[in-house]
Amino acid sequence: MAIRPISDAAAEKAAASIHQPRDPNTLSNYNAWRTKRTTADFNIDFDAKKVVGHVTLSLARLAKEPKIVLDTSYLDITSVEVAGSKADYELAPSRMEPYGSPLTIQVDDKHANEDELDVRIGMQTTKDCTGLQWFDPAQTSNKKHPYMFSQCQAIHGRSLFPCQDTPDVKSQYTFNIRSPLPVLASGLSTGARDFQPGKDGKSGPRSTVWTGPEELQECQWEFEHDTEPYIQAAEKIVYPYAWTTYNVLVLPPSFPYGGMENPMYTFATPTLISGDRQNVDVIAHELAHSWSGNLVSNASWEHFWLNEGWTVYLERRLQAAVHGGDQYRDFSAIIGWTALREGIERFGEEHEFTKLIVDLKGKDPDDAFSTIPYEKGSTFLYYLEKLVGKQKWDKFIPHYFTTYKERSVDSYEFKATLLDFFASDADASKKLNDLDWDTWFYKPGYPPKPDFDTTLADQCYALAEKWKSLNSSSSSDFTPSPSDISNFTANQIVVFLEALLAPSPPLTPSLVEKMGSVYGLAASKNVELVSRYYLVGLQAKTESLYEPAAELVGKVGRMKYVRWLFRELMKVDLALARRTFEGKREFYHPICRGMVEKMFREFEGGGEVK
Ligand code: BES
Ligand code: ZN
């Protein structure tokens, strides 16, 4: 074959098409320039509620491209230097929703031959910053000091500083932070890189918990029993923990998620502190992200199932290892299946966002967020485990996490790596090649439902049936008593309550009240339980529970609960829902506030809020 020279322009075009960015949710040209190191020098100004300073990105050149485009969102940019001298730049005058305002920096011709350039940007955050929440002293538990925390997943990092805000780019980072108050920054503290617990001298715990002084002891108690066993279980399934220590920071109640896997420091909602160690599954989940998500990252939010599906899969393996076998694993999967149903019903079975791989071009990943990547993803991995057999599958797990360690991965690479791993195993290979990958990847709606071991769930369903019998007939001989649930775990009570939610017909209000008092549900400190009890109550139009439900949603900002409670509250008492929201507007995290505003718009516009 003759080799034909091609023009520069054509070569560049070919190169560009080969290096098409995989992530549609960034405006940065990360296929042309790639961040290698990020250094931030920040002042935290609690009075003005802003972060002010400089960020330096060391960018490697991947293509002949004189412009560097970075993501920003609601940032003030005050200066830009390239390799130490002032550079021309433009911050797009209007936002490109939902991605923010691209910052375009001109690289002078004199740098045309340099492979790596330092770009130093002067900046400050603004009051519209979506990635930070600020608190006045009065909004904190002991009312002594102001407070602030960050939440950047999925695309809020760009509201903190200009960057290539995509999980497809991994960069080392150094944060130098000046603050009048103590700072906890997630990452290896200076000098900790080579720390190995117990190597030189006496070993101490490799996990710590951080929170306000008044709350510290109960937080420690909540997690200290299970954390180390979870780490050891995960190390057996995957490979040794890579981040030296694993720690948890317990945040104020407006934290919008259950947990967030910041490296080395899981950020957690205080609703985990229920005094019964029954919410530690969230810790198992966030810990599992130390492998799936933080070492091996989804290449874009379209492949979010690789982060969350793997993490739920590992979380349930940890549960089984630490808390008693496969019954427990399947029980957790049954709860997951109900969550999957909730997610699919919210969007509708044909909706794009019910696919395993979703199309997020032009979309906001926060809008696509649901239980679906978690549950459809973990169901897929469980299916693969069963397909090739657990023993063989367990050899693939460390292989996958080694292959993509410190890299980003998409679903096609996952598939190729799996097929390749089993290529010399005729049986597994045939099964994997015969698998209908496209259906798993692209068919909306439900995946095939696995056969779960229902031993633990059956007791919960049986009890729910008894309550339903009281509802529908006067001849039922069931007399509720505290002993009905005295052997139940909190999750079993959750399954019992969920069995009474729609599509089951509502109970009568008086039965709901009776259930609350006999089982002590209204008084429980465990929000997983109370919130579901209130949902049962609101669906049954139990007026005595409207105020308590409003009170709960006004003091717990975890979006999962906020969404559920407002959705039901709007239906039964819109004025109360409005009043509650307006009264607590400042309490909610900006991301959560945006979500509730959207729910009100939909509901008041006559639409159905799901
Ligand atoms: N990484 C997620 C939280 C997240 C996802 C934040 C997407 C922003 C955008 C975290 O690991 C998570 O999944 N949290 C769950 C925990 C649960 C599945 C145990 C949560 O917050 O409920
Ligand atoms: Zn997660």
# chains A, B, ... in the order shown; residues from 1 in each chain; ligands from 1

$ closest_atom_pairs --of "chain A" --to "ligand 1" --cutoff "6 Å" --atoms "only C-alpha atoms and all ligand atoms" --output "Markdown table"
| residue | atom | partner | partner_atom_place_in_ligand_line | distance |
| --- | --- | --- | --- | --- |
| A:Gln153 | CA | ligand 1 | 8 (C) | 4.3 |
| A:Ala154 | CA | ligand 1 | 9 (C) | 4.8 |
| A:Tyr257 | CA | ligand 1 | 21 (O) | 3.7 |
| A:Gly258 | CA | ligand 1 | 21 (O) | 3.3 |
| A:Gly259 | CA | ligand 1 | 14 (N) | 4.6 |
| A:Met260 | CA | ligand 1 | 10 (C) | 4.6 |
| A:Glu261 | CA | ligand 1 | 11 (O) | 5.5 |
| A:Val282 | CA | ligand 1 | 19 (C) | 4.0 |
| A:His285 | CA | ligand 1 | 19 (C) | 5.3 |
| A:Glu286 | CA | ligand 1 | 11 (O) | 5.3 |

$ select_by_dssp --residues "segment 325-478 of chain A" --states "helix (DSSP H, G or I)" --output "count of residues only"
105

$ closest_residue --among "A:Glu81, A:Ser300, A:Glu586, A:Asp420" --to "Gln139 of chain A" --atoms "only C-alpha atoms"
A:Glu586

$ residues_around --residues "Ala268 of chain A" --least-positions-apart "3" --cutoff "12 Å" --atoms "only C-alpha atoms" --output "ChimeraX atom specification"
/A:149-151,209-211,219,223,247-262,265,271-273,279-280,282-283,285-287,557-558

$ select_by_dssp --residues "segment 190-388 of chain A" --states "strand (DSSP E or B)" --output "VMD selection string"
chain A and resid 209 to 210 247 to 250 259 to 262 265 to 268 292 296 to 298

$ write_last_selection --atoms "N, CA and C atoms" --output "tab-separated table (two decimals), in the first residue's frame"
chain	number	residue	atom	x	y	z
A	209	VAL	N	-12.26	10.46	62.91
A	209	VAL	CA	-13.52	11.13	62.60
A	209	VAL	C	-13.42	12.59	63.03
A	210	TRP	N	-13.97	13.46	62.21
A	210	TRP	CA	-13.85	14.91	62.42
A	210	TRP	C	-15.24	15.53	62.43
A	247	ASN	N	-10.80	8.48	56.62
A	247	ASN	CA	-11.39	9.32	57.68
A	247	ASN	C	-12.78	9.82	57.28
A	248	VAL	N	-13.53	10.23	58.27
A	248	VAL	CA	-14.88	10.74	58.00
A	248	VAL	C	-15.05	12.12	58.62
A	249	LEU	N	-15.55	13.04	57.84
A	249	LEU	CA	-15.91	14.37	58.34
A	249	LEU	C	-17.43	14.45	58.40
A	250	VAL	N	-17.97	14.68	59.57
A	250	VAL	CA	-19.42	14.78	59.71
A	250	VAL	C	-19.81	16.27	59.65
A	259	GLY	N	-23.35	10.78	51.75
A	259	GLY	CA	-21.91	10.83	51.90
A	259	GLY	C	-21.28	11.25	50.58
A	260	MET	N	-20.05	11.74	50.67
A	260	MET	CA	-19.32	12.14	49.47
A	260	MET	C	-17.88	11.69	49.64
A	261	GLU	N	-17.41	10.93	48.65
A	261	GLU	CA	-16.12	10.26	48.77
A	261	GLU	C	-14.94	11.16	48.46
A	262	ASN	N	-14.78	12.27	49.14
A	262	ASN	CA	-13.56	13.05	48.93
A	262	ASN	C	-12.38	12.17	49.37
A	265	TYR	N	-11.03	11.64	53.04
A	265	TYR	CA	-12.01	12.20	53.98
A	265	TYR	C	-13.41	12.10	53.38
A	266	THR	N	-14.13	11.08	53.77
A	266	THR	CA	-15.53	11.02	53.37
A	266	THR	C	-16.27	12.15	54.07
A	267	PHE	N	-17.00	12.94	53.30
A	267	PHE	CA	-17.87	13.95	53.90
A	267	PHE	C	-19.23	13.27	54.13
A	268	ALA	N	-19.79	13.47	55.32
A	268	ALA	CA	-21.01	12.71	55.64
A	268	ALA	C	-22.09	13.58	56.25
A	292	SER	N	-13.30	2.34	43.64
A	292	SER	CA	-14.17	2.66	42.49
A	292	SER	C	-14.61	4.10	42.57
A	296	VAL	N	-10.11	4.49	40.35
A	296	VAL	CA	-10.59	4.24	38.99
A	296	VAL	C	-11.84	5.11	38.82
A	297	SER	N	-11.78	6.07	37.91
A	297	SER	CA	-12.88	7.05	37.82
A	297	SER	C	-13.64	6.91	36.51
A	298	ASN	N	-14.95	7.13	36.58
A	298	ASN	CA	-15.71	7.18	35.33
A	298	ASN	C	-15.14	8.31	34.47

$ residues_around --residues "Ser79 of chain A" --least-positions-apart "2" --cutoff "7 Å" --atoms "only C-alpha atoms" --output "list of chain:residue names"
A:Ile77, A:Glu81, A:Ile121, A:Gly122

$ residues_around --residues "Arg277 of chain A" --least-positions-apart "5" --cutoff "10 Å" --atoms "only C-alpha atoms" --output "list in words"
Cys219, Trp221, Glu222, Phe223, Glu224, His225, Asp226, Leu272, Ala490 and Asn526 of chain A

$ residues_around --residues "Asp281 of chain A" --least-positions-apart "3" --cutoff "9 Å" --atoms "only C-alpha atoms" --output "number ranges by chain"
A: 278, 284-286, 315-316, 318-319

$ closest_residue --among "A:Met264, A:Ile335, A:Leu356, A:Ala550" --to "Val494 of chain A" --atoms "only C-alpha atoms"
A:Ile335

$ residues_around --residues "Pro137 of chain A" --least-positions-apart "2" --cutoff "12 Å" --atoms "only C-alpha atoms" --output "count of residues only"
14

$ atom_distance --atom1 "atom CA of Tyr382 of chain A" --atom2 "atom CA of Tyr313 of chain A"
7.2 Å

$ closest_residue --among "A:Leu569, A:Ile493, A:Ile357, A:Leu340" --to "Ser524 of chain A" --atoms "only C-alpha atoms"
A:Ile493

$ closest_residue --among "A:His589, A:Tyr246, A:Asp410, A:Gly212" --to "Pro182 of chain A" --atoms "only C-alpha atoms"
A:Gly212

$ atom_distance --atom1 "atom CA of Val596 of chain A" --atom2 "atom CA of Thr354 of chain A"
21.6 Å

$ closest_residue --among "A:Lys361, A:Lys110, A:His289, A:Lys405" --to "ligand 2" --atoms "only C-alpha atoms and all ligand atoms"
A:His289

$ closest_residue --among "A:Tyr230, A:Lys202, A:Lys555, A:Met96" --to "Phe587 of chain A" --atoms "only C-alpha atoms"
A:Lys555

$ atom_distance --atom1 "atom CA of Leu216 of chain A" --atom2 "atom CA of Leu184 of chain A"
15.0 Å

$ decode --residues "segment 95-125 of chain A" --atoms "N, CA, C and O atoms" --output "tab-separated table (two decimals), in the first residue's frame"
chain	number	residue	atom	x	y	z
A	95	ARG	N	-23.44	33.08	30.26
A	95	ARG	CA	-23.26	31.67	30.64
A	95	ARG	C	-23.76	30.73	29.54
A	95	ARG	O	-24.70	31.05	28.83
A	96	MET	N	-23.10	29.59	29.43
A	96	MET	CA	-23.62	28.54	28.57
A	96	MET	C	-24.23	27.49	29.49
A	96	MET	O	-23.54	26.59	29.96
A	97	GLU	N	-25.52	27.65	29.76
A	97	GLU	CA	-26.16	26.77	30.74
A	97	GLU	C	-26.16	25.33	30.26
A	97	GLU	O	-26.39	25.09	29.07
A	98	PRO	N	-25.98	24.35	31.11
A	98	PRO	CA	-25.71	24.50	32.55
A	98	PRO	C	-24.22	24.46	32.89
A	98	PRO	O	-23.86	24.18	34.02
A	99	TYR	N	-23.37	24.80	31.90
A	99	TYR	CA	-21.95	24.52	32.09
A	99	TYR	C	-21.12	25.71	32.55
A	99	TYR	O	-19.93	25.57	32.80
A	100	GLY	N	-21.72	26.89	32.63
A	100	GLY	CA	-20.96	28.03	33.12
A	100	GLY	C	-20.36	28.87	32.01
A	100	GLY	O	-20.84	28.86	30.87
A	101	SER	N	-19.30	29.61	32.36
A	101	SER	CA	-18.69	30.57	31.42
A	101	SER	C	-17.27	30.12	31.10
A	101	SER	O	-16.40	30.18	31.98
A	102	PRO	N	-17.02	29.70	29.86
A	102	PRO	CA	-15.65	29.28	29.54
A	102	PRO	C	-14.67	30.45	29.65
A	102	PRO	O	-15.00	31.58	29.28
A	103	LEU	N	-13.50	30.16	30.17
A	103	LEU	CA	-12.41	31.15	30.24
A	103	LEU	C	-11.40	30.76	29.17
A	103	LEU	O	-10.83	29.67	29.22
A	104	THR	N	-11.23	31.64	28.18
A	104	THR	CA	-10.32	31.33	27.07
A	104	THR	C	-9.04	32.13	27.22
A	104	THR	O	-9.08	33.36	27.32
A	105	ILE	N	-7.93	31.43	27.26
A	105	ILE	CA	-6.63	32.06	27.48
A	105	ILE	C	-5.78	31.90	26.22
A	105	ILE	O	-5.68	30.80	25.67
A	106	GLN	N	-5.22	32.99	25.79
A	106	GLN	CA	-4.42	33.00	24.56
A	106	GLN	C	-2.97	32.66	24.92
A	106	GLN	O	-2.38	33.30	25.79
A	107	VAL	N	-2.42	31.67	24.25
A	107	VAL	CA	-1.01	31.33	24.47
A	107	VAL	C	-0.18	32.00	23.38
A	107	VAL	O	-0.40	31.78	22.19
A	108	ASP	N	0.73	32.83	23.80
A	108	ASP	CA	1.56	33.58	22.85
A	108	ASP	C	2.41	32.62	21.99
A	108	ASP	O	2.84	31.56	22.46
A	109	ASP	N	2.62	33.04	20.74
A	109	ASP	CA	3.42	32.24	19.80
A	109	ASP	C	4.78	31.83	20.36
A	109	ASP	O	5.32	30.78	20.01
A	110	LYS	N	5.33	32.70	21.20
A	110	LYS	CA	6.68	32.41	21.71
A	110	LYS	C	6.73	31.11	22.54
A	110	LYS	O	7.79	30.56	22.78
A	111	HIS	N	5.54	30.63	22.97
A	111	HIS	CA	5.51	29.38	23.74
A	111	HIS	C	5.19	28.17	22.87
A	111	HIS	O	5.00	27.07	23.39
A	112	ALA	N	5.15	28.41	21.53
A	112	ALA	CA	4.63	27.36	20.63
A	112	ALA	C	5.35	26.03	20.79
A	112	ALA	O	4.78	24.98	20.53
A	113	ASN	N	6.62	26.07	21.21
A	113	ASN	CA	7.36	24.80	21.28
A	113	ASN	C	7.47	24.22	22.68
A	113	ASN	O	8.15	23.23	22.89
A	114	GLU	N	6.79	24.85	23.62
A	114	GLU	CA	6.89	24.32	24.98
A	114	GLU	C	5.84	23.24	25.22
A	114	GLU	O	4.69	23.39	24.83
A	115	ASP	N	6.27	22.15	25.86
A	115	ASP	CA	5.36	21.01	26.09
A	115	ASP	C	4.47	21.22	27.29
A	115	ASP	O	3.44	20.57	27.44
A	116	GLU	N	4.95	22.06	28.21
A	116	GLU	CA	4.16	22.25	29.42
A	116	GLU	C	4.21	23.72	29.82
A	116	GLU	O	5.26	24.35	29.73
A	117	LEU	N	3.07	24.25	30.22
A	117	LEU	CA	3.01	25.67	30.59
A	117	LEU	C	2.28	25.84	31.92
A	117	LEU	O	1.32	25.13	32.19
A	118	ASP	N	2.77	26.82	32.69
A	118	ASP	CA	2.06	27.16	33.92
A	118	ASP	C	1.12	28.33	33.66
A	118	ASP	O	1.55	29.38	33.18
A	119	VAL	N	-0.12	28.15	33.99
A	119	VAL	CA	-1.09	29.24	33.86
A	119	VAL	C	-1.51	29.64	35.26
A	119	VAL	O	-1.98	28.80	36.05
A	120	ARG	N	-1.31	30.91	35.59
A	120	ARG	CA	-1.63	31.38	36.94
A	120	ARG	C	-2.80	32.37	36.87
A	120	ARG	O	-2.74	33.36	36.13
A	121	ILE	N	-3.84	32.08	37.59
A	121	ILE	CA	-5.07	32.86	37.46
A	121	ILE	C	-5.45	33.48	38.81
A	121	ILE	O	-5.54	32.78	39.82
A	122	GLY	N	-5.66	34.80	38.81
A	122	GLY	CA	-6.17	35.47	40.00
A	122	GLY	C	-7.70	35.41	39.97
A	122	GLY	O	-8.31	35.62	38.92
A	123	MET	N	-8.31	35.11	41.10
A	123	MET	CA	-9.77	34.88	41.06
A	123	MET	C	-10.41	35.03	42.43
A	123	MET	O	-9.73	35.03	43.46
A	124	GLN	N	-11.71	35.15	42.41
A	124	GLN	CA	-12.46	35.00	43.66
A	124	GLN	C	-13.82	34.38	43.36
A	124	GLN	O	-14.36	34.52	42.27
A	125	THR	N	-14.34	33.68	44.37
A	125	THR	CA	-15.69	33.12	44.20
A	125	THR	C	-16.70	34.24	44.42
A	125	THR	O	-16.37	35.33	44.92
